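**Student:** One structure, pasted below without further comment.
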Amino acid sequence: MELLSILGCVANAGLVLALAPLGEGVLRKVTARLQSRQGPPLLQPYFDLLKLLGKEDIESGETPHVQRGAGYLALATVLTVACLLPLGFRTPLTGAGDVILLVYLITLAGICTLLAGWGAGSTYALLGSSREMMTMMALEPLFAVSLVAGAVQTGSCQVDRVLDGSVYGAGGIPWSGLILLATMALAFPAFVQRLPFDVAEAETEIMEGALIEYSGPKLALFKYAQMVKLLVYSALFVALFVPWGSGWAFPFGWLVFWGKVLAMVLLVTAVAASHARYRIDQALRHFARLLVLAVGALVLACYGL
Amino acid sequence: MLKKICQKMLRRSLWVYHANSGGCNGCDIEVLNVLTPYYDAERFGIKLVGSPRHADVMLCQGPAMRSTACALRRAYEAMPAPKLVFAIGSCACGGGLWHDSYSVLGPVEKLLPVDFYIPGCPPRPEAILYGVAAAAGLVDKKVAPVRFKQAEFPIPRYHPEHLRGRGELVVYEKAERV
Amino acid sequence: MVARDLLNRLKEMLGPALLRVDTPADDRIFIHVERDAIRAVCRHVFRDLGARYVISIGADDRPFSGQYLVAHDFAFDAAHLLGSVVTHVPEGDPRLDSITPDVPAANWAERELRDLVGIEPVGHVEPKRLILPDGWPEGAHPLRKDVAWNFVPEGYDPERAFKFGEPPPGCTVVPFGPFHPTLDEPAHFRLYVEGEVVRGCEYRGFMVHRGIEKLAESVLSYNDIPMAAERICGICGCVHNVAYAQAVEEAAVLRAPPRAEYIRTIMLEIERLHSHLLWVGLACHILGFDTLFMQSFRIREPVMWIAEKISGNRKTYALCLIGGVRWDLTLELIAELRRVLDTLEAEWRAVIKAVLGDKNVQQRARGVGVADRSLVQELSLIGPVARAAGVPLDCRRDHPYAAYDRVEFEVVTHEGGDVWARIVVRMKEVLQSIEIIRQCLDKMEPGPIQLAITDELPVGRYGLSSVEAPRGESHHFVITGENHRPRRWRVRAPTYQNLQAVPAMIKDQQLADMTITLGSIDPCFSCTDRFEIVDLATSTTRVWSAEELARLARAGRR
Amino acid sequence: MTSLLSKIREVMVGWNAGRVTLPYPAAPAPPPPRFRGRPIFDATKCIGCAGCANNCPAREILVYDVCQEIRILKYLGRRCTYCGRCADVCPEGAITMSGEFENATPAIGDIEQRLELFMSTCQRCGRCFTEPSPLEQLKLKGYRFDDLEHDRWVFRSQGYLENSPVVDDLTIELD
């Protein structure tokens with residue numbers, strides 16, 4: 001059992017690490033198609049990462065230790081999340097954590113960006129950090145509410161129970177689940193830090209914010225973490241809100257699962273390609289509205305709807 | 001090992017940082033144009049980045065100016081190795097019309113080691129693509145210096161010393177060389 | 001009010017201080033006044049007569065008259081009149097009453113006088129360095145006639161940094177520039193930010209000052225300058241090219257053949273087309289909306305191709321010489337131009353329809369960077385910025401040049417004066433430009449495109465020319481001179497005026513709106529700085545302390 | 001709702017256009033006939049009149065007389081603005097604006113063109129050159145002595161030479 005879950009973890013992490021740049025590649029290719037151009041090769045993100053890994057690493061920030069730590073932590077956090085997820089199979093770390101842990105891990109991923117900005121210490125990095133902090137504070141409750149709604153439905157805080165049972169545990173039309181699905185879909189680009197909610201890095205405003213001071217391998221770590229995030233959060237979203245079809249026998253269930261993840265990536269792409277970036281206050285207002293909706297859904301869930 | 005892979009990958013993934021140190025904007029817009037649908041530099045992995053720390057290539061446009069010299073220098077120093085500098089346009093390549101003006105230092109090569117020159121005022125987007133492709137070794141360089149030297153003077157010089165003979169037949173001795 | 005009325009009024013008001021008035025044409029007036037009367041005259045012209053301030057020109061006239069020359073240009077838009085208030089300043093006492101307290105729009109122009117010619121504006125509100133590099137010593141003035149174009153004074157210190165003012169209390173400093181991804185050109189804004197709100201800013205630009213005017217008066221010749229002029233700006237180069245040629249032609253009393261005028265009009269409008277499409281693209285890019293950025297560049301590309309086919313280059317057309325143009329339009333080119341315009345119009349209408357309903361873009365653009373009517377009047381803002389505030393200013397109609405008096409078009413205005421209004425104005429102007437080009441193509445008749453000039457151009461004459469660039473009025477002032485080059489050539493690019501309004505426009509706005517506000521005036525620093533930030537990661541001043549950051553976070557939570 | 005509709009419209013604008021990317025480096029992209037690419041100097045036609053040098057806004061065509069008979073004409077290329085004025089004013093048509101735009105090079109000297117011309121002396125005036133069009137009769141700049149070693153342009157006209165040591169740091173003999 002122990003060995004199996006370790007193997008599962010390794011497999012999950014490896015799978016995510018191997019596929020994440022491909023997801024990014026799909027995103028870039030489809031964006032290019034929407035913009036009537038040819039676009040980079042699908043494998044472009046792999047090239048980018050490999051190149052970044054070999055580049056000089058300039059340690060220019062205020063606190064290099066924090067900077068270095070933040071990079072590793074960012075990637076490690078999302079990989080841990082990956083271990084808690086069923087990527088087409090069962091969750092590798094069954095019973096090892098509950099949804100509270102998941103919420104904390106997601107928060108930790110945001111904190112890494114924060115640390116990155118603080119470690120760098122330049123004005124734009126700090127601006128990016130402060131924006132990241134604001135977004136985090138708005139998003140965290142939203143995510144927590146959706147997980148708690150699931151927990152309420154299934155009566156358990158175990159990750160796999162919540163995910164398995166999903167938020168559609170109730171009989172009849174799962175209103176609360178559908179509302180949560182809608183709110184989370186609207187907030188999803190923010191979780192993966194894509195347009196129109198990439199206020200914390202906003203290339204044309206504050207020049208990639210917290211990452212401005214990073215170069216070479218450390219930048220690669222952050223970029224990698226971001227790509228993995230896209231994939232892992234898509235998988236999480238799929239597991240939580242679009243569970244239909246995942247329970248089928250091996251090749252079908254697996255295919256359906258990854259098909260849905262791909263659909264999520266495409267959704268993110270379409271939204272990113274057709275929206276202008278929100279200002280930080282507009283983004284926060286947007287999240288606040290969604291939070292109200294989500295809380296409403298939670299109330300519904302409590303009544304078993 | 002990583003260094004080697006990086007060298008190899010640099011050809012397929014060039015992140016550029018464009019620094020206009022004081023040009024007229026024409027080259028900037030052409031560089032932007034290279035990213036747009038008709039030319040789409042992204043298919044070669046070229047991406048515009050906002051911070052010199054992320055960049056592999058610095059595209060210099062405009063001459064080296066007195067007022068931006070320090071900033072340009074610092075931007076170059078902020079780039080992680082291996083780094084390249086491309087000079088785009090006549091201003092960056094040779095200082096432009098104002099190469100000797102009071103507030104201009106001259107071509108950017110006075111401040112930074114330039115690896116590749118893409119002349120033009122402004123260069124066509126194709127020219128920029130060609131330049132980048134040439135720098136990546138995808139296409140061959142086409143220009144070579146032209147030197148024309150007249151080996152012999154084309155017009156005979158009738159110098160009395162070279163005239164031989166007398167009477168009706170006068171031979172100019174060096175005529176065959178003309 | 002025509003020139004004669006103006007003349008009578010000034011006579012009455014000034015008496016003996018009025019030295020001479022020249023009206024070389026119905027739409028031009030040069031008022032020569034005593035030095036001491038300059039401030040009163042300018043106040044009268046600006047405040048009482050409602051003229052729009054254009055620019056101040058300082059020239060070193062010592063080799064010819066032993067004095068410095070200063071001219072303040074004004075435009076009477078309703079009366080279709082361009083005027084200049086000229087005065088002379090004695091060599092020994094290069095001081096002149098500043099007009100900035102009365103005419104706030106003259107702020108930069110007078111600081112420039114001080115920098116380049118060395119005429120001290122007495123009573124200026126902000127007598128700081130504007131143009132010359134930071135290390136340039138005081139007292140060295142490159143535009144004086146006794147120094148060469150490549151003159152670098154002793155005591156030039158490349159290490160010296162500019163002294164900025166103190167930030168307001170409670171604010172942090174965010175440097176913006178000199179290299180920033182949304183600024184294609186170097187310029188430095190020092191923003192004073194409280195939380196995410198900009199409380200003020202200080203501008204230190206003019207990093208693209210290349211000394212073009214000095215070059216023109218010392219080494220180039222009349223027909224070289226058009227090439228230098230169009231490199232003032234890479235986007236609206238043709239505007240400067242035409243404006244310069246027109247200014248010299250006016251001074252020399254020449255007139256380009258009609259076909260040349262039509263070709264100039266067509267090329268100017270082609271330039272407006274590509275510039276506006278470019279701007280819409282860039283604005284979207286600044287807002288993070290890359291799809292529309294790509295689309296407007298895609299739609300723009302055929303315009304660039306046709307420009308390349310007509311003139312031989314995509315941007316720098318090298319169009320004008322004195323007395324005509326260099327490239328003629330053949331029948332095939334005309335047919336192709338029409339085809340390009342048709343597809344452009346269809347595609348652009350689709351884009352306009354889509355964008356006008358786009359709430360997401362409007363959210364970012366409405367109520368942002370507002371420049372209302374009073375600001376427009378006070379700072380003499382021009383072009384789309386003025387038109388977006390509902391002020392119908394358009395040189396093409398107010399001061400017709402080239403063939404604009406023979407075509408019909410509408411001056412597009414919009415209400416609100418915010419970024420959104422500017423987007424709407426620019427998008428609709430594209431359609432007007434297409435109409436203008438079509439009319440020109442219809443009306444154009446065969447004929448010569450270049451005037452045969454056999455005599456030398458007269459010396460010491462003044463020429464004014466205003467051309468409506470995509471960004472607003474571009475104004476050129478020329479004094480003809482010896483050695484086949486002008487004695488003084490002064491360029492006022494549209495951004496020069498509009499940029500002065502940016503500090504007022506961004507005050508109390510979100511930091512995130514800074515870039516789009518600046519972008520919305522379509523800044524062209526190379527234009528502005530002609531003759532003459534990313535703040536690099538390493539050079540940013542570390543000014544935020546941990547407490548401040550914590551406070552910031554709290555502010556964010558609220 | 002209208003916003004969503006406009007979003008779809010915006011996306012459709014791009015979608016309708018299809019993929020427009022040109023294959024450029026793989027397939028050639030010939031410039032239009034009037035394109036002003038690299039000027040090509042034809043040494044067999046050049047009479048060494050230096051009209052191009054006098055009309056170059058970038059002042060990058062340098063002319064230097066080694067002796068009475070040999071004139072060196074050097075086109076630097078590096079700061080050429082491709083305005084085509086040199087081709088316009090050449091009385092012999094020795095300069096053509098070619099369609100070459102693929103001029104990128106790792107060494108800027110590659111764009112250089114250097115002509116060493118033999119000048120025969122006109123018995124009457126020393127040097128002869130007729131201006132091609134009436135416009136060119138706007139007189140040319142003062143005679144110049146260029147510094148080929150330093151790719152520098154030296155101006156010897158009125159005004160700026162006598163009292164400006166910055167410019168006049170070359171000691172060049174007048175004919």
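Naming works like this for the structure tokens: A, B, ... for the chains as they're shown, residue 1 at the start of each chain, ligands 1 onward in shown order.
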Name the residues in contact with D:Arg9 at a cut-off of 9 Å, using only C-alpha atoms, excluding same-chain residues fewer than 4 positions from it; report them as a ChimeraX atom specification.

**Tutor:** /C:350-351,353-355 /D:4-5,13-14

**Student:** Excluding A:Pro196 and its own-chain neighbours fewer than 5 positions away, which residues fall within 7 Å of it when counting only C-alpha atoms? Please give them as a list in words.

**Tutor:** Ala272, His275, Ala276, Arg277 and Tyr278 of chain A

**Student:** Would you mind reading off the distance between atom CA of D:Ala58 and atom CA of C:Ser221, one decimal, in Å?

**Tutor:**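 We find that atom CA of D:Ala58 and atom CA of C:Ser221 lie 11.6 Å from each other.
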
**Student:** Sort by chain and increasing residue number a table of all residues of chain A within 12 Å of chain B, each with its closest pair of atoms and their distance in Å to one decimal, counting only C-alpha atoms, and write it as JSON lines.

**Tutor:**
```
{"residue": "A:Gly25", "atom": "CA", "partner": "B:Gly45", "partner_atom": "CA", "distance": 11.2}
{"residue": "A:Arg28", "atom": "CA", "partner": "B:Glu42", "partner_atom": "CA", "distance": 9.5}
{"residue": "A:Lys29", "atom": "CA", "partner": "B:Arg43", "partner_atom": "CA", "distance": 9.4}
{"residue": "A:Thr31", "atom": "CA", "partner": "B:Glu42", "partner_atom": "CA", "distance": 11.5}
{"residue": "A:Ala32", "atom": "CA", "partner": "B:Pro37", "partner_atom": "CA", "distance": 8.3}
{"residue": "A:Arg33", "atom": "CA", "partner": "B:Pro37", "partner_atom": "CA", "distance": 9.4}
{"residue": "A:Leu34", "atom": "CA", "partner": "B:Pro37", "partner_atom": "CA", "distance": 10.2}
{"residue": "A:Gln35", "atom": "CA", "partner": "B:Pro37", "partner_atom": "CA", "distance": 6.9}
{"residue": "A:Ser36", "atom": "CA", "partner": "B:Pro37", "partner_atom": "CA", "distance": 5.9}
{"residue": "A:Arg37", "atom": "CA", "partner": "B:Pro37", "partner_atom": "CA", "distance": 4.5}
{"residue": "A:Gln38", "atom": "CA", "partner": "B:Arg43", "partner_atom": "CA", "distance": 6.5}
{"residue": "A:Gly39", "atom": "CA", "partner": "B:Arg43", "partner_atom": "CA", "distance": 5.0}
{"residue": "A:Pro40", "atom": "CA", "partner": "B:Arg43", "partner_atom": "CA", "distance": 3.9}
{"residue": "A:Pro41", "atom": "CA", "partner": "B:Arg43", "partner_atom": "CA", "distance": 6.3}
{"residue": "A:Leu42", "atom": "CA", "partner": "B:Arg43", "partner_atom": "CA", "distance": 9.8}
{"residue": "A:Leu43", "atom": "CA", "partner": "B:Gly45", "partner_atom": "CA", "distance": 9.9}
{"residue": "A:Gln44", "atom": "CA", "partner": "B:Gly45", "partner_atom": "CA", "distance": 6.5}
{"residue": "A:Pro45", "atom": "CA", "partner": "B:Ser13", "partner_atom": "CA", "distance": 8.7}
{"residue": "A:Tyr46", "atom": "CA", "partner": "B:Met9", "partner_atom": "CA", "distance": 9.3}
{"residue": "A:Phe47", "atom": "CA", "partner": "B:Met9", "partner_atom": "CA", "distance": 5.8}
{"residue": "A:Asp48", "atom": "CA", "partner": "B:Ser13", "partner_atom": "CA", "distance": 5.6}
{"residue": "A:Leu49", "atom": "CA", "partner": "B:Met9", "partner_atom": "CA", "distance": 9.1}
{"residue": "A:Leu50", "atom": "CA", "partner": "B:Cys6", "partner_atom": "CA", "distance": 6.2}
{"residue": "A:Lys51", "atom": "CA", "partner": "B:Cys6", "partner_atom": "CA", "distance": 4.3}
{"residue": "A:Leu52", "atom": "CA", "partner": "B:Cys6", "partner_atom": "CA", "distance": 7.1}
{"residue": "A:Leu53", "atom": "CA", "partner": "B:Leu2", "partner_atom": "CA", "distance": 6.8}
{"residue": "A:Gly54", "atom": "CA", "partner": "B:Cys6", "partner_atom": "CA", "distance": 4.8}
{"residue": "A:Lys55", "atom": "CA", "partner": "B:Ala81", "partner_atom": "CA", "distance": 6.0}
{"residue": "A:Glu56", "atom": "CA", "partner": "B:Pro80", "partner_atom": "CA", "distance": 5.0}
{"residue": "A:Asp57", "atom": "CA", "partner": "B:Pro80", "partner_atom": "CA", "distance": 6.6}
{"residue": "A:Ile58", "atom": "CA", "partner": "B:Pro80", "partner_atom": "CA", "distance": 6.4}
{"residue": "A:Glu59", "atom": "CA", "partner": "B:Pro80", "partner_atom": "CA", "distance": 10.1}
{"residue": "A:Ser60", "atom": "CA", "partner": "B:Ala78", "partner_atom": "CA", "distance": 9.1}
{"residue": "A:Gly61", "atom": "CA", "partner": "B:Arg53", "partner_atom": "CA", "distance": 11.7}
{"residue": "A:Ala120", "atom": "CA", "partner": "B:Arg53", "partner_atom": "CA", "distance": 11.9}
{"residue": "A:Tyr124", "atom": "CA", "partner": "B:Ser51", "partner_atom": "CA", "distance": 10.7}
{"residue": "A:Ala125", "atom": "CA", "partner": "B:Ser51", "partner_atom": "CA", "distance": 11.3}
{"residue": "A:Glu201", "atom": "CA", "partner": "B:Gly50", "partner_atom": "CA", "distance": 10.5}
{"residue": "A:Ala202", "atom": "CA", "partner": "B:Gly50", "partner_atom": "CA", "distance": 9.8}
{"residue": "A:Glu203", "atom": "CA", "partner": "B:Gly50", "partner_atom": "CA", "distance": 6.3}
{"residue": "A:Thr204", "atom": "CA", "partner": "B:Gly50", "partner_atom": "CA", "distance": 7.5}
{"residue": "A:Glu205", "atom": "CA", "partner": "B:Gly50", "partner_atom": "CA", "distance": 9.6}
{"residue": "A:Ile206", "atom": "CA", "partner": "B:Gly50", "partner_atom": "CA", "distance": 8.7}
{"residue": "A:Met207", "atom": "CA", "partner": "B:Gly50", "partner_atom": "CA", "distance": 5.2}
{"residue": "A:Glu208", "atom": "CA", "partner": "B:Gly50", "partner_atom": "CA", "distance": 7.2}
{"residue": "A:Gly209", "atom": "CA", "partner": "B:Ser51", "partner_atom": "CA", "distance": 9.8}
{"residue": "A:Ala210", "atom": "CA", "partner": "B:Ser51", "partner_atom": "CA", "distance": 11.2}
{"residue": "A:Leu211", "atom": "CA", "partner": "B:Ser51", "partner_atom": "CA", "distance": 9.0}
{"residue": "A:Ile212", "atom": "CA", "partner": "B:Ser51", "partner_atom": "CA", "distance": 5.9}
{"residue": "A:Glu213", "atom": "CA", "partner": "B:Arg53", "partner_atom": "CA", "distance": 6.1}
{"residue": "A:Tyr214", "atom": "CA", "partner": "B:Arg53", "partner_atom": "CA", "distance": 6.2}
{"residue": "A:Ser215", "atom": "CA", "partner": "B:Arg53", "partner_atom": "CA", "distance": 5.2}
{"residue": "A:Gly216", "atom": "CA", "partner": "B:Pro80", "partner_atom": "CA", "distance": 7.0}
{"residue": "A:Pro217", "atom": "CA", "partner": "B:Leu2", "partner_atom": "CA", "distance": 10.3}
{"residue": "A:Lys218", "atom": "CA", "partner": "B:His54", "partner_atom": "CA", "distance": 10.4}
{"residue": "A:Leu219", "atom": "CA", "partner": "B:His54", "partner_atom": "CA", "distance": 7.7}
{"residue": "A:Ala220", "atom": "CA", "partner": "B:His54", "partner_atom": "CA", "distance": 9.8}
{"residue": "A:Phe222", "atom": "CA", "partner": "B:His54", "partner_atom": "CA", "distance": 12.0}
{"residue": "A:Lys223", "atom": "CA", "partner": "B:His54", "partner_atom": "CA", "distance": 11.1}
```

**Student:** Of the residues B:Val139, B:Ala134, B:Leu111, B:Leu97, which is the one nearest to chain D, using only C-alpha atoms?

**Tutor:**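 Once distances to chain D are computed over only C-alpha atoms, the minimum belongs to B:Leu97.
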
**Student:** Do you know which residues are at most 9 Å from B:Val31 counting only C-alpha atoms, after dropping those on the same chain fewer than 6 positions away, and could you put them as a VMD selection string?

**Tutor:** chain B and resid 18 59 88 125 128

**Student:** Since we have the selection now, will you write its residues out, keeping C-alpha atoms, as a compact mmCIF listing (two decimals), in the first residue's frame?

**Tutor:**
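File written: selection29.txt
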```
# COMPACT_ATOMS: atom_id res chain seq x y z
CA HIS B 18 13.91 45.60 -27.11
CA LEU B 59 17.51 44.45 -29.82
CA ILE B 88 18.57 47.13 -35.79
CA PRO B 125 10.05 42.91 -41.19
CA ILE B 128 14.59 41.52 -39.40
```

**Student:** Figure out the distance between atom CA of D:Leu73 and atom CA of B:Asp100, please, to one decimal in Å.

**Tutor:**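 Separation between atom CA of B:Asp100 and atom CA of D:Leu73: 20.3 Å.
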
**Student:** If the cut-off is 6 Å, can you tell me the residues of chain C near chain B, counting only C-alpha atoms? I'd like them as a short mmCIF file (atom, residue, chain, number, x, y, z; two decimals) with all heavy atoms, in the first residue's frame.

**Tutor:**
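iface_35.cif, freshly written:
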```
data_model
loop_
_atom_site.label_atom_id
_atom_site.label_comp_id
_atom_site.auth_asym_id
_atom_site.auth_seq_id
_atom_site.Cartn_x
_atom_site.Cartn_y
_atom_site.Cartn_z
N PRO C 133 21.08 66.58 -22.00
CA PRO C 133 21.44 65.47 -21.11
C PRO C 133 21.79 65.98 -19.71
O PRO C 133 22.20 67.13 -19.55
CB PRO C 133 22.65 64.85 -21.79
CG PRO C 133 22.59 65.27 -23.20
CD PRO C 133 21.87 66.57 -23.23
N TRP C 149 27.73 71.67 -34.65
CA TRP C 149 26.67 70.70 -34.34
C TRP C 149 27.16 69.56 -33.48
O TRP C 149 26.39 68.91 -32.82
CB TRP C 149 26.07 70.18 -35.63
CG TRP C 149 26.98 69.23 -36.36
CD1 TRP C 149 26.95 67.88 -36.29
CD2 TRP C 149 28.04 69.56 -37.23
NE1 TRP C 149 27.94 67.34 -37.06
CE2 TRP C 149 28.63 68.35 -37.65
CE3 TRP C 149 28.58 70.75 -37.70
CZ2 TRP C 149 29.72 68.31 -38.52
CZ3 TRP C 149 29.65 70.71 -38.56
CH2 TRP C 149 30.21 69.50 -38.96
N ASN C 150 28.47 69.32 -33.51
CA ASN C 150 28.98 68.21 -32.70
C ASN C 150 29.73 68.72 -31.47
O ASN C 150 30.61 68.08 -30.96
CB ASN C 150 29.87 67.30 -33.53
CG ASN C 150 30.92 68.08 -34.28
OD1 ASN C 150 31.03 69.29 -34.09
ND2 ASN C 150 31.68 67.40 -35.11
N PHE C 151 29.30 69.89 -31.03
CA PHE C 151 29.95 70.55 -29.91
C PHE C 151 29.58 69.89 -28.59
O PHE C 151 28.42 69.71 -28.26
CB PHE C 151 29.51 72.02 -29.92
CG PHE C 151 29.68 72.76 -28.65
CD1 PHE C 151 30.93 73.15 -28.22
CD2 PHE C 151 28.58 73.09 -27.87
CE1 PHE C 151 31.08 73.86 -27.05
CE2 PHE C 151 28.73 73.80 -26.70
CZ PHE C 151 29.99 74.18 -26.29
N VAL C 152 30.61 69.47 -27.87
CA VAL C 152 30.37 68.98 -26.51
C VAL C 152 31.19 69.85 -25.58
O VAL C 152 32.40 69.94 -25.71
CB VAL C 152 30.80 67.51 -26.37
CG1 VAL C 152 30.54 67.04 -24.95
CG2 VAL C 152 30.03 66.64 -27.34
N PRO C 181 8.22 48.20 -21.32
CA PRO C 181 7.67 47.49 -22.48
C PRO C 181 6.58 48.23 -23.22
O PRO C 181 6.38 48.01 -24.39
CB PRO C 181 7.15 46.18 -21.89
CG PRO C 181 7.24 46.31 -20.43
CD PRO C 181 8.19 47.38 -20.12
N GLU C 185 9.78 54.02 -26.66
CA GLU C 185 10.95 54.89 -26.65
C GLU C 185 11.31 55.26 -25.22
O GLU C 185 10.48 55.17 -24.34
CB GLU C 185 10.63 56.16 -27.42
CG GLU C 185 10.39 55.87 -28.85
CD GLU C 185 9.44 56.87 -29.42
OE1 GLU C 185 8.24 56.68 -29.31
OE2 GLU C 185 9.92 57.85 -29.95
N MET C 207 14.96 62.09 -23.93
CA MET C 207 16.13 61.24 -24.06
C MET C 207 16.38 60.92 -25.52
O MET C 207 17.35 60.29 -25.86
CB MET C 207 15.91 59.96 -23.28
CG MET C 207 15.76 60.29 -21.82
SD MET C 207 15.74 58.84 -20.85
CE MET C 207 15.81 59.56 -19.23
N VAL C 208 15.47 61.33 -26.38
CA VAL C 208 15.63 61.06 -27.80
C VAL C 208 16.05 62.33 -28.52
O VAL C 208 15.97 62.42 -29.73
CB VAL C 208 14.34 60.48 -28.39
CG1 VAL C 208 14.62 59.74 -29.66
CG2 VAL C 208 13.69 59.55 -27.42
N ARG C 210 18.00 64.39 -30.52
CA ARG C 210 19.11 64.01 -31.37
C ARG C 210 19.79 65.19 -32.04
O ARG C 210 20.66 65.03 -32.88
CB ARG C 210 18.61 63.04 -32.44
CG ARG C 210 18.34 61.67 -31.94
CD ARG C 210 17.41 60.93 -32.87
NE ARG C 210 16.07 61.48 -32.79
CZ ARG C 210 15.06 61.10 -33.56
NH1 ARG C 210 15.24 60.19 -34.45
NH2 ARG C 210 13.88 61.64 -33.42
N GLY C 211 19.32 66.40 -31.73
CA GLY C 211 19.95 67.57 -32.32
C GLY C 211 19.62 67.75 -33.79
O GLY C 211 20.44 68.26 -34.55
N ARG C 231 12.59 61.39 -40.19
CA ARG C 231 13.12 60.51 -39.15
C ARG C 231 12.99 61.12 -37.76
O ARG C 231 13.50 60.58 -36.80
CB ARG C 231 14.57 60.16 -39.47
CG ARG C 231 14.59 59.03 -40.46
CD ARG C 231 15.88 58.86 -41.19
NE ARG C 231 15.74 57.86 -42.22
CZ ARG C 231 15.26 58.10 -43.42
NH1 ARG C 231 14.89 59.29 -43.76
NH2 ARG C 231 15.14 57.12 -44.30
N ILE C 232 12.32 62.27 -37.69
CA ILE C 232 11.95 62.78 -36.37
C ILE C 232 11.08 61.73 -35.70
O ILE C 232 11.19 61.45 -34.53
CB ILE C 232 11.19 64.10 -36.52
CG1 ILE C 232 12.15 65.21 -36.94
CG2 ILE C 232 10.48 64.46 -35.23
CD1 ILE C 232 11.45 66.49 -37.24
N CYS C 233 10.20 61.17 -36.49
CA CYS C 233 9.28 60.17 -35.94
C CYS C 233 9.12 59.06 -36.95
O CYS C 233 8.91 59.31 -38.12
CB CYS C 233 7.94 60.80 -35.65
SG CYS C 233 6.71 59.59 -35.23
N GLY C 234 9.22 57.84 -36.48
CA GLY C 234 9.12 56.72 -37.40
C GLY C 234 7.71 56.40 -37.81
O GLY C 234 7.48 55.62 -38.73
N ILE C 235 6.72 56.95 -37.10
CA ILE C 235 5.35 56.60 -37.43
C ILE C 235 4.71 57.72 -38.24
O ILE C 235 4.07 57.47 -39.25
CB ILE C 235 4.53 56.34 -36.16
CG1 ILE C 235 5.22 55.27 -35.34
CG2 ILE C 235 3.15 55.88 -36.52
CD1 ILE C 235 4.60 55.05 -34.02
N MET C 294 -3.16 41.86 -32.47
CA MET C 294 -2.74 41.11 -33.66
C MET C 294 -3.65 41.43 -34.84
O MET C 294 -3.20 41.61 -35.96
CB MET C 294 -2.79 39.61 -33.38
CG MET C 294 -1.78 39.16 -32.36
SD MET C 294 -0.13 39.23 -33.04
CE MET C 294 0.84 38.65 -31.67
N ARG C 298 -2.78 43.00 -38.37
CA ARG C 298 -3.00 42.23 -39.60
C ARG C 298 -3.74 43.09 -40.63
O ARG C 298 -3.39 43.12 -41.80
CB ARG C 298 -3.84 40.98 -39.28
CG ARG C 298 -4.15 40.16 -40.50
CD ARG C 298 -4.99 38.95 -40.16
NE ARG C 298 -6.28 39.31 -39.59
CZ ARG C 298 -7.30 39.77 -40.29
NH1 ARG C 298 -7.19 39.92 -41.57
NH2 ARG C 298 -8.45 40.07 -39.69
N SER C 526 10.08 60.44 -29.67
CA SER C 526 11.10 60.87 -30.61
C SER C 526 10.68 62.16 -31.29
O SER C 526 11.49 63.01 -31.59
CB SER C 526 11.38 59.79 -31.63
OG SER C 526 10.19 59.36 -32.21
#
```

**Student:** Near stretch 74-89 of chain A, counting only C-alpha atoms, which residues have an atom at most 7 Å away, once you skip same-chain residues fewer than 2 positions from it, shown as a list in words?

**Tutor:** Cys9, Asn12, Ala13, Ala70, Gly71, Tyr72, Thr91, Pro92, Leu93, Leu102, Leu105, Leu108, Ala109, Cys112, Leu221, Phe222, Ala225, Val228, Lys229, Val232, Ala235, Leu236, Gly253, Trp254 and Phe257 of chain A
